[in-house]
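To keep things clear, I will list the structure first and then write my remarks on it.
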Amino acid sequence: MDHTEEPIPHNELARLAALKRYNILDSLPDHAFDDATKLVSYICGVPIAHISFIDESRQWFKSEIGIGVSEVPREISFCRYTIMDSHMVEIPDTHLNDRFKDDPNVVGGFKVRFYAGVPLTTPDGYNIGTICAIDHVCKDLNENQRNALSIVAKHVINQLELRTKNIELDAQKKIAERAVFAKDSFLANMSHEIRTPLNAVIGFTDLLAQTKLDPVQQDYISSVQIAGENLLLIINDILDLSKIESGNLVIEAQPFNLKKTLKHIYKLLKVKVPKEIEFNLFLDADMPDIVIGDQGRLNQILVNLTGNALKFTEEGEVTVSVKLVDETDDHYSLRFSVKDTGIGIPEDKLVTIFERFKQAEESTTRRFGGTGLGLNIVKQLVELHGSEIQVKSKQNRGSEFFFVFHYKKVTQDEIAVELISENKLGKLKILLCEDNFLNQKLVRSVIQNFGFELDIAEHGEAGIELLSKNKYDLVLMDLQMPVKDGYQTTEYIRNEMNLSIPIIAMTAHSLVGEQERCFDVGMDGYVPKPFKQAVLLKAIKTVMNKDLHAVKKRKIDFSYLDEMAFGDPAFKKEMITLFIEKIPAEFEQLEEAFNSESYDKVKKLSHNMKSSVGMFMLADLSHSLSIIEEEATMGHFTSEAGNQMNLLKCGVNEVVKILNEL
Amino acid sequence: MRIILSEDNDILRKSLSFFLESKGFTVDQFSDGKEALDAIETNNYDLILTDINMPGISGMEITQYVRETIGSDVPIIIFTSSGVEQTELDSFDLGANEFIAKPVSPAVLLVRINKLLKTRA
């Protein structure tokens with residue numbers, strides 16, 4: 001063969017670029033392509049068939065029958081001629097063909113006697129490869145076979161297009177997901193920004209209502225109070241939704257007294273029930289007292305559903321019932337139901353009532369009020385519990401909402417913890433650091449309700465002074481205060497005074513990342529404002545019983561490192577030691593660069609650190625680093641990068657601590 | 001078989017060389033792109049394994065230099081944690097034989113290395 005006459009398509013460079021766009025070379029086997037190859041072999045009745053792509057130096061087989069190698073050099077490929085053509089190339093007998101009769105693959109090699117090849121032409125007109133039928137004997141294809149071969153060729157190209165489009169779609173999907181995430185964190189942050197001034201509005205309205213007013217003024221004030229409360233409800237709903245959507249809402253698994261919780265909800269709602277309605281609570285006699293789960297969320301779900309039932313029922317009854325439907329060695333399955341004899345829901349609205357801002361009728365909102373978010377939140381909360389909410393309803397007859405939760409059983413130890421935390425807190429002496437007079441008043445009354453003693457400091461400095469004089473069991477710490485804020489005060493208590501006294505943060509912010517920052521400076525608990533009594537009490541119990549509760553710990557996945565280390569424990573240990581030495585130092589550099597907005601340095605450091613955390617499969621840290629790197633590349637840090645820095649800091653500390661303990 | 005590994009992250013570089021050495025390869029490791037390129041010029045490697053972002057010079061520049069200035073067709077595998085598609089296209093345009101996204105799976109890396117070495121032999 002004369003090598004000076006190598007066939008090269010006139011558009012070779014553009015052709016190679018087109019081929020690379022498909023990212024098909026050296027990809028893994030794919031059924032769709034294998035099926036097409038089989039089809040060619042059946043239709044043409046040949047022992048050899050293949051789908052291949054030709055790059056600058058080789059013919060690479062995406063799929064083949066009867067060839068047995070993954071690629072051959074381009075110079076010995078028949079198909080390098082086929083891609084010069086726009087139609088099928090058919091050689092019934094290679095021995096009679098001047099171009100091929102002396103070809104090494106005709107006289108030896110694959111002993112090709114018959115060859116039929118159709119170029120694979122992209123929609124923009126580049127022949128990037130071929131689909132071929134080959135035999136060791138002479139052969140003539142009939143018209144049907146030729147047609148079929150061309151059709152299969154078109155399908156192969158369609159398949160390739162589809163693959164590429166799927167990859168593009170994936171990329172677009174990722175962008176869309178980021179956008180949703182950004183929207184949610186915006187929502188969460190905005191709701192907090194609104195909540196802070198709203199608290200002041202509600203608080204001062206309450207104070208105003210206690211002053212001497214004439215009847216008209218009293219009427220106005222009570223309208224403001226109701227509107228304020230409603231606005232707060234809406235904001236809380238939006239906040240919950242955005243937390244759910246951004247994945248920030250975690251269902252807790254703590255022991256709690258189920259019967260007490262249900263009775264508490266019943267008592268709470270009973271107050272508002274008009275005389276015309278009979279309000280019942282039915283509890284299964286076999287129902288357990290204590291289970292492990294999320295008390296707060298169960299509360300929220302039942303209050304919401306029951307609130308709805310009461311709202312839409314003018315006469316008759318509303319019944320909350322709980323039934324034990326299944327019990328295994330370690331789980332209870334409980335069916336919760338809220339049933340009413342209210343207006344009911346039309347059948348065609350049974351699905352849409354769970355959508356946002358949808359109530360059964362447009363007029364419902366005007367008649368009954370509400371945000372239209374409640375049921376959507378309930379649905380998502382139930383789903384976060386791994387269950388599903390169901391509804392049965394008949395118009396003008398009533399509705400029943402029900403779901404089944406699977407709660408873990410408590411062990412004897414856990415029951416003991418629960419009992420201790422309920423009874424053994426005794427008379428705690430508590431210090432509150434808070435500058436806002438309203439909040440001081442509120443906390444004082446709540447803490448006295450709990451039966452504890454309370455001292456109040458106007459700001460951090462005063463708090464430190466009281467701490468050095470008196471003995472306290474616990475500190476409640478506002479974050480924003482004059483003179484010394486909550487963070488500075490905590491740092492002082494921990495580092496200068498060396499006190500390990502439990503500190504609970506109380507804040508109206510609860511921004512993403514703030515909680516981490518609190519734990520980071522050494523606080524033990526966190527209560528968002530406006531706080532609920534139960535939440536505060538729970539936080540107090542939790543920090544007072546900290547030793548009794550198992551500390552939640554991250555588990556490090558060593559499988560990747562193990563694969564690398566090939567079962568050598570000494571090497572694995574060396575890598576862990578390296579990580580412990582390197583990462584905290586690198587994080588310090590990163591933090592410094594981040595604070596001084598040295599974008600280039602942040603970009604390099606975060607990129608490099610990503611490889612290290614990848615070795616230990618720390619996906620969350622890797623994610624944080626990606627976001628930081630991305631923002632550094634853009635040359636602008638948003639609050640998101642700051643949050644990720646906080647998360648990263650905690651994560652690094654935690655991981656290093658765990659690795660050190662190994 | 002002698003492989004040059006150029007990667008600035010210590011943990012990843014040490015692990016990869018340990019893994020490859022356990023598979024019978026001789027591995028020369030570098031954390032600086034410039035030093036790696038100097039070694040490529042003086043020694044005869046069967047395969048080049050390089051990260052993109054490194055101090056000294058980048059893996060892209062190494063690839064370009066090997067292909068254009070040295071004129072060698074030694075197999076080159078580029079790996080990086082950059083998720084940008086263009087990076088992959090550019091790598092192939094410069095003449096890299098393989099492109100692997102981090103985290104690099106040792107098993108996949110081994111398969112690709114063996115394939116490249118077999119094709120060449």
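Order determines the names: the first chain of the structure tokens is A, the second B, and so forth; residues in each chain are numbered 1 upward, and ligands are numbered 1 upward as they are shown.
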Report as a PDB file with N, CA and C atoms, in the first residue's frame the set of chain A residues whose atoms approach chain B to within 10 Å, with distances computed over only C-alpha atoms.
```pdb
ATOM      1  N   LEU A  16     -12.463  15.883  13.446  1.00  0.00           N
ATOM      2  CA  LEU A  16     -11.928  15.391  14.728  1.00  0.00           C
ATOM      3  C   LEU A  16     -12.548  16.156  15.893  1.00  0.00           C
ATOM      4  N   ALA A  17     -12.713  17.457  15.695  1.00  0.00           N
ATOM      5  CA  ALA A  17     -13.327  18.262  16.757  1.00  0.00           C
ATOM      6  C   ALA A  17     -14.750  17.781  17.009  1.00  0.00           C
ATOM      7  N   LYS A  20     -14.699  14.626  19.009  1.00  0.00           N
ATOM      8  CA  LYS A  20     -14.372  14.822  20.431  1.00  0.00           C
ATOM      9  C   LYS A  20     -15.545  15.369  21.220  1.00  0.00           C
ATOM     10  N   ARG A  21     -16.380  16.141  20.521  1.00  0.00           N
ATOM     11  CA  ARG A  21     -17.536  16.704  21.221  1.00  0.00           C
ATOM     12  C   ARG A  21     -18.438  15.625  21.807  1.00  0.00           C
ATOM     13  N   ASN A  23     -17.478  12.871  23.145  1.00  0.00           N
ATOM     14  CA  ASN A  23     -16.857  12.186  24.297  1.00  0.00           C
ATOM     15  C   ASN A  23     -17.094  10.682  24.282  1.00  0.00           C
ATOM     16  N   LEU A  25     -14.991   8.337  22.625  1.00  0.00           N
ATOM     17  CA  LEU A  25     -13.782   7.510  22.550  1.00  0.00           C
ATOM     18  C   LEU A  25     -13.422   6.954  23.924  1.00  0.00           C
ATOM     19  N   ASP A  26     -13.039   5.700  23.965  1.00  0.00           N
ATOM     20  CA  ASP A  26     -12.603   5.026  25.183  1.00  0.00           C
ATOM     21  C   ASP A  26     -13.666   5.026  26.277  1.00  0.00           C
ATOM     22  N   SER A  70      -9.801  -3.723  20.795  1.00  0.00           N
ATOM     23  CA  SER A  70     -10.577  -2.515  21.039  1.00  0.00           C
ATOM     24  C   SER A  70     -10.240  -1.422  20.033  1.00  0.00           C
ATOM     25  N   GLU A  71      -9.095  -1.539  19.383  1.00  0.00           N
ATOM     26  CA  GLU A  71      -8.769  -0.541  18.372  1.00  0.00           C
ATOM     27  C   GLU A  71      -7.697  -1.060  17.435  1.00  0.00           C
ATOM     28  N   VAL A  72      -7.599  -0.467  16.222  1.00  0.00           N
ATOM     29  CA  VAL A  72      -6.512  -0.789  15.288  1.00  0.00           C
ATOM     30  C   VAL A  72      -5.958   0.538  14.776  1.00  0.00           C
ATOM     31  N   PRO A  73      -4.689   0.541  14.329  1.00  0.00           N
ATOM     32  CA  PRO A  73      -4.137   1.782  13.788  1.00  0.00           C
ATOM     33  C   PRO A  73      -4.939   2.226  12.565  1.00  0.00           C
ATOM     34  N   GLU A 168     -25.522  17.289  28.607  1.00  0.00           N
ATOM     35  CA  GLU A 168     -25.783  18.727  28.697  1.00  0.00           C
ATOM     36  C   GLU A 168     -26.913  18.999  29.685  1.00  0.00           C
ATOM     37  N   ALA A 171     -25.789  18.919  33.180  1.00  0.00           N
ATOM     38  CA  ALA A 171     -25.086  20.139  33.569  1.00  0.00           C
ATOM     39  C   ALA A 171     -26.105  21.242  33.868  1.00  0.00           C
ATOM     40  N   TYR A 560     -11.874   4.603  50.458  1.00  0.00           N
ATOM     41  CA  TYR A 560     -11.031   5.089  49.363  1.00  0.00           C
ATOM     42  C   TYR A 560      -9.552   4.976  49.733  1.00  0.00           C
ATOM     43  N   LEU A 561      -9.259   5.436  50.952  1.00  0.00           N
ATOM     44  CA  LEU A 561      -7.876   5.365  51.423  1.00  0.00           C
ATOM     45  C   LEU A 561      -7.419   3.911  51.510  1.00  0.00           C
ATOM     46  N   ASP A 562      -8.317   3.024  51.955  1.00  0.00           N
ATOM     47  CA  ASP A 562      -7.979   1.607  52.065  1.00  0.00           C
ATOM     48  C   ASP A 562      -7.635   1.025  50.706  1.00  0.00           C
ATOM     49  N   GLU A 563      -8.400   1.466  49.692  1.00  0.00           N
ATOM     50  CA  GLU A 563      -8.151   0.956  48.345  1.00  0.00           C
ATOM     51  C   GLU A 563      -6.754   1.380  47.886  1.00  0.00           C
ATOM     52  N   MET A 564      -6.422   2.620  48.193  1.00  0.00           N
ATOM     53  CA  MET A 564      -5.101   3.142  47.827  1.00  0.00           C
ATOM     54  C   MET A 564      -4.005   2.427  48.618  1.00  0.00           C
ATOM     55  N   ALA A 565      -4.259   2.262  49.919  1.00  0.00           N
ATOM     56  CA  ALA A 565      -3.235   1.713  50.802  1.00  0.00           C
ATOM     57  C   ALA A 565      -3.049   0.221  50.582  1.00  0.00           C
ATOM     58  N   PHE A 566      -4.002  -0.383  49.900  1.00  0.00           N
ATOM     59  CA  PHE A 566      -3.847  -1.769  49.498  1.00  0.00           C
ATOM     60  C   PHE A 566      -3.626  -2.650  50.716  1.00  0.00           C
ATOM     61  N   ASP A 568      -2.362  -1.870  53.613  1.00  0.00           N
ATOM     62  CA  ASP A 568      -1.165  -1.606  54.422  1.00  0.00           C
ATOM     63  C   ASP A 568      -1.509  -0.618  55.534  1.00  0.00           C
ATOM     64  N   PHE A 571       0.819   2.512  56.052  1.00  0.00           N
ATOM     65  CA  PHE A 571       0.671   3.592  55.079  1.00  0.00           C
ATOM     66  C   PHE A 571      -0.568   4.419  55.380  1.00  0.00           C
ATOM     67  N   LYS A 572      -1.650   3.697  55.701  1.00  0.00           N
ATOM     68  CA  LYS A 572      -2.901   4.383  56.025  1.00  0.00           C
ATOM     69  C   LYS A 572      -2.659   5.357  57.185  1.00  0.00           C
ATOM     70  N   GLU A 574       0.126   6.699  58.067  1.00  0.00           N
ATOM     71  CA  GLU A 574       0.974   7.801  57.630  1.00  0.00           C
ATOM     72  C   GLU A 574       0.117   8.895  56.982  1.00  0.00           C
ATOM     73  N   MET A 575      -0.835   8.464  56.134  1.00  0.00           N
ATOM     74  CA  MET A 575      -1.683   9.431  55.438  1.00  0.00           C
ATOM     75  C   MET A 575      -2.566  10.197  56.434  1.00  0.00           C
ATOM     76  N   ILE A 576      -3.052   9.473  57.443  1.00  0.00           N
ATOM     77  CA  ILE A 576      -3.895  10.130  58.444  1.00  0.00           C
ATOM     78  C   ILE A 576      -3.083  11.172  59.204  1.00  0.00           C
ATOM     79  N   THR A 577      -1.852  10.798  59.570  1.00  0.00           N
ATOM     80  CA  THR A 577      -0.984  11.737  60.274  1.00  0.00           C
ATOM     81  C   THR A 577      -0.729  12.969  59.412  1.00  0.00           C
ATOM     82  N   LEU A 578      -0.509  12.727  58.129  1.00  0.00           N
ATOM     83  CA  LEU A 578      -0.260  13.825  57.191  1.00  0.00           C
ATOM     84  C   LEU A 578      -1.461  14.770  57.137  1.00  0.00           C
ATOM     85  N   PHE A 579      -2.635  14.159  57.106  1.00  0.00           N
ATOM     86  CA  PHE A 579      -3.869  14.955  57.060  1.00  0.00           C
ATOM     87  C   PHE A 579      -3.972  15.835  58.305  1.00  0.00           C
ATOM     88  N   LYS A 582      -1.407  18.624  58.090  1.00  0.00           N
ATOM     89  CA  LYS A 582      -1.548  19.549  56.972  1.00  0.00           C
ATOM     90  C   LYS A 582      -2.809  20.407  57.027  1.00  0.00           C
ATOM     91  N   LYS A 604      -6.567  28.845  45.009  1.00  0.00           N
ATOM     92  CA  LYS A 604      -5.544  27.792  44.972  1.00  0.00           C
ATOM     93  C   LYS A 604      -5.648  26.875  46.183  1.00  0.00           C
ATOM     94  N   HIS A 607      -8.807  24.707  46.195  1.00  0.00           N
ATOM     95  CA  HIS A 607      -8.703  23.669  45.165  1.00  0.00           C
ATOM     96  C   HIS A 607      -7.817  22.523  45.671  1.00  0.00           C
ATOM     97  N   ASN A 608      -6.695  22.903  46.237  1.00  0.00           N
ATOM     98  CA  ASN A 608      -5.762  21.887  46.722  1.00  0.00           C
ATOM     99  C   ASN A 608      -6.370  21.085  47.879  1.00  0.00           C
ATOM    100  N   MET A 609      -7.047  21.786  48.797  1.00  0.00           N
ATOM    101  CA  MET A 609      -7.615  21.094  49.963  1.00  0.00           C
ATOM    102  C   MET A 609      -8.691  20.091  49.550  1.00  0.00           C
ATOM    103  N   LYS A 610      -9.336  20.396  48.429  1.00  0.00           N
ATOM    104  CA  LYS A 610     -10.402  19.517  47.946  1.00  0.00           C
ATOM    105  C   LYS A 610      -9.870  18.096  47.720  1.00  0.00           C
ATOM    106  N   SER A 611      -8.649  18.031  47.174  1.00  0.00           N
ATOM    107  CA  SER A 611      -8.053  16.710  46.940  1.00  0.00           C
ATOM    108  C   SER A 611      -7.845  15.973  48.253  1.00  0.00           C
ATOM    109  N   SER A 612      -7.408  16.713  49.274  1.00  0.00           N
ATOM    110  CA  SER A 612      -7.143  16.061  50.560  1.00  0.00           C
ATOM    111  C   SER A 612      -8.421  15.536  51.198  1.00  0.00           C
ATOM    112  N   VAL A 613      -9.465  16.386  51.239  1.00  0.00           N
ATOM    113  CA  VAL A 613     -10.693  15.926  51.903  1.00  0.00           C
ATOM    114  C   VAL A 613     -11.354  14.828  51.074  1.00  0.00           C
ATOM    115  N   GLY A 614     -11.088  14.841  49.763  1.00  0.00           N
ATOM    116  CA  GLY A 614     -11.610  13.782  48.890  1.00  0.00           C
ATOM    117  C   GLY A 614     -11.070  12.417  49.274  1.00  0.00           C
ATOM    118  N   MET A 615      -9.829  12.375  49.728  1.00  0.00           N
ATOM    119  CA  MET A 615      -9.203  11.107  50.114  1.00  0.00           C
ATOM    120  C   MET A 615      -9.960  10.461  51.276  1.00  0.00           C
ATOM    121  N   MET A 617     -13.163  11.011  51.812  1.00  0.00           N
ATOM    122  CA  MET A 617     -14.559  10.980  51.373  1.00  0.00           C
ATOM    123  C   MET A 617     -15.448  11.918  52.196  1.00  0.00           C
ATOM    124  N   SER A 626     -15.788  23.603  47.212  1.00  0.00           N
ATOM    125  CA  SER A 626     -16.161  23.905  45.830  1.00  0.00           C
ATOM    126  C   SER A 626     -16.816  25.269  45.740  1.00  0.00           C
TER     127      SER A 626
END
```
Got a sec: who's within 12 Å of Asn495 (chain A), counting only C-alpha atoms, leaving out chain neighbours fewer than 6 positions off, as a count of residues only? 5
Tell me, as a ChimeraX atom specification, which residues lie within 10 Å of Phe519 (chain A), counting only C-alpha atoms; anything in the same chain fewer than 3 positions away does not count. /A:487,503-505,514-516,522-526,650
Skipping near chain neighbours, those fewer than 3 positions away, what residues fall within 12 Å of Trp60 (chain A) using only C-alpha atoms, listed as a ChimeraX atom specification? /A:19,24-27,50-57,63-64,67-74,77,79-80,128-131 /B:119
Non-local contacts of Leu258 (chain A) (7 Å; only C-alpha atoms; under 4 positions in same chain excluded) as a PyMOL selection string: chain A and resi 262+289-291
Output for the residues just chosen: C-alpha atoms as a PDB file, in the first residue's frame:
```pdb
ATOM      1  CA  LEU A 262     -50.458  14.331  72.759  1.00  0.00           C
ATOM      2  CA  ASP A 289     -45.287   6.166  76.733  1.00  0.00           C
ATOM      3  CA  ILE A 290     -41.823   6.980  75.494  1.00  0.00           C
ATOM      4  CA  VAL A 291     -40.501   6.661  71.940  1.00  0.00           C
TER       5      VAL A 291
END
```
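Among the candidate residues B:Asn44, B:Ile57, B:Lys118, B:Tyr65, the one lying nearest to Leu94 (chain B) is B:Tyr65, with distances computed using only C-alpha atoms.
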Test item, strand (DSSP E or B) assignment across region 67-187 of chain A, answer as number ranges by chain: A: 71-73, 89-91, 114-121, 127-135
So what do you get for CA of Val656 (chain A) versus CA of Glu591 (chain A), distance-wise?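 So the two atoms, CA of Val656 (chain A) and CA of Glu591 (chain A), lie 16.9 Å apart.
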Who sits within 12 Å of Leu647 (chain A), only C-alpha atoms, same chain under 2 positions skipped, as a VMD selection string: chain A and resid 512 to 520 587 620 to 625 627 to 628 640 to 645 649 to 654
Do a neighbour search on region 425-439 of chain A at 7 Å with only C-alpha atoms, toss out local chain neighbours closer than 3 positions, and write the hits as a PDB file with C-alpha atoms, in the first residue's frame.
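out03.pdb, written as the output of this step:
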```pdb
ATOM      1  CA  SER A 421     -33.795  14.996  82.756  1.00  0.00           C
ATOM      2  CA  LEU A 442     -40.129  37.428  79.178  1.00  0.00           C
ATOM      3  CA  VAL A 443     -37.237  35.164  80.079  1.00  0.00           C
ATOM      4  CA  GLY A 451     -38.905  26.884  89.027  1.00  0.00           C
ATOM      5  CA  PHE A 452     -35.358  28.136  88.453  1.00  0.00           C
ATOM      6  CA  GLU A 453     -33.580  31.214  89.780  1.00  0.00           C
ATOM      7  CA  LEU A 454     -32.521  33.989  87.388  1.00  0.00           C
ATOM      8  CA  ASP A 455     -29.963  36.814  87.501  1.00  0.00           C
ATOM      9  CA  ILE A 456     -29.786  39.306  84.681  1.00  0.00           C
ATOM     10  CA  ALA A 457     -26.788  41.098  83.173  1.00  0.00           C
ATOM     11  CA  GLU A 458     -27.330  44.041  80.791  1.00  0.00           C
ATOM     12  CA  HIS A 459     -24.358  43.104  78.616  1.00  0.00           C
ATOM     13  CA  GLY A 460     -21.408  40.733  78.337  1.00  0.00           C
ATOM     14  CA  GLY A 463     -22.294  39.008  82.846  1.00  0.00           C
ATOM     15  CA  TYR A 472     -24.246  29.619  88.343  1.00  0.00           C
ATOM     16  CA  ASP A 473     -25.368  26.374  86.740  1.00  0.00           C
ATOM     17  CA  LEU A 474     -26.074  27.806  83.321  1.00  0.00           C
ATOM     18  CA  VAL A 475     -25.768  30.925  81.147  1.00  0.00           C
ATOM     19  CA  LEU A 476     -28.369  32.118  78.633  1.00  0.00           C
ATOM     20  CA  MET A 477     -26.568  34.358  76.168  1.00  0.00           C
ATOM     21  CA  ASP A 478     -28.021  36.880  73.754  1.00  0.00           C
ATOM     22  CA  MET A 481     -25.367  43.150  73.050  1.00  0.00           C
TER      23      MET A 481
END
```
CA of Ile194 (chain A) to CA of Asn595 (chain A), distance in Å rounded to a single decimal: 28.2 Å
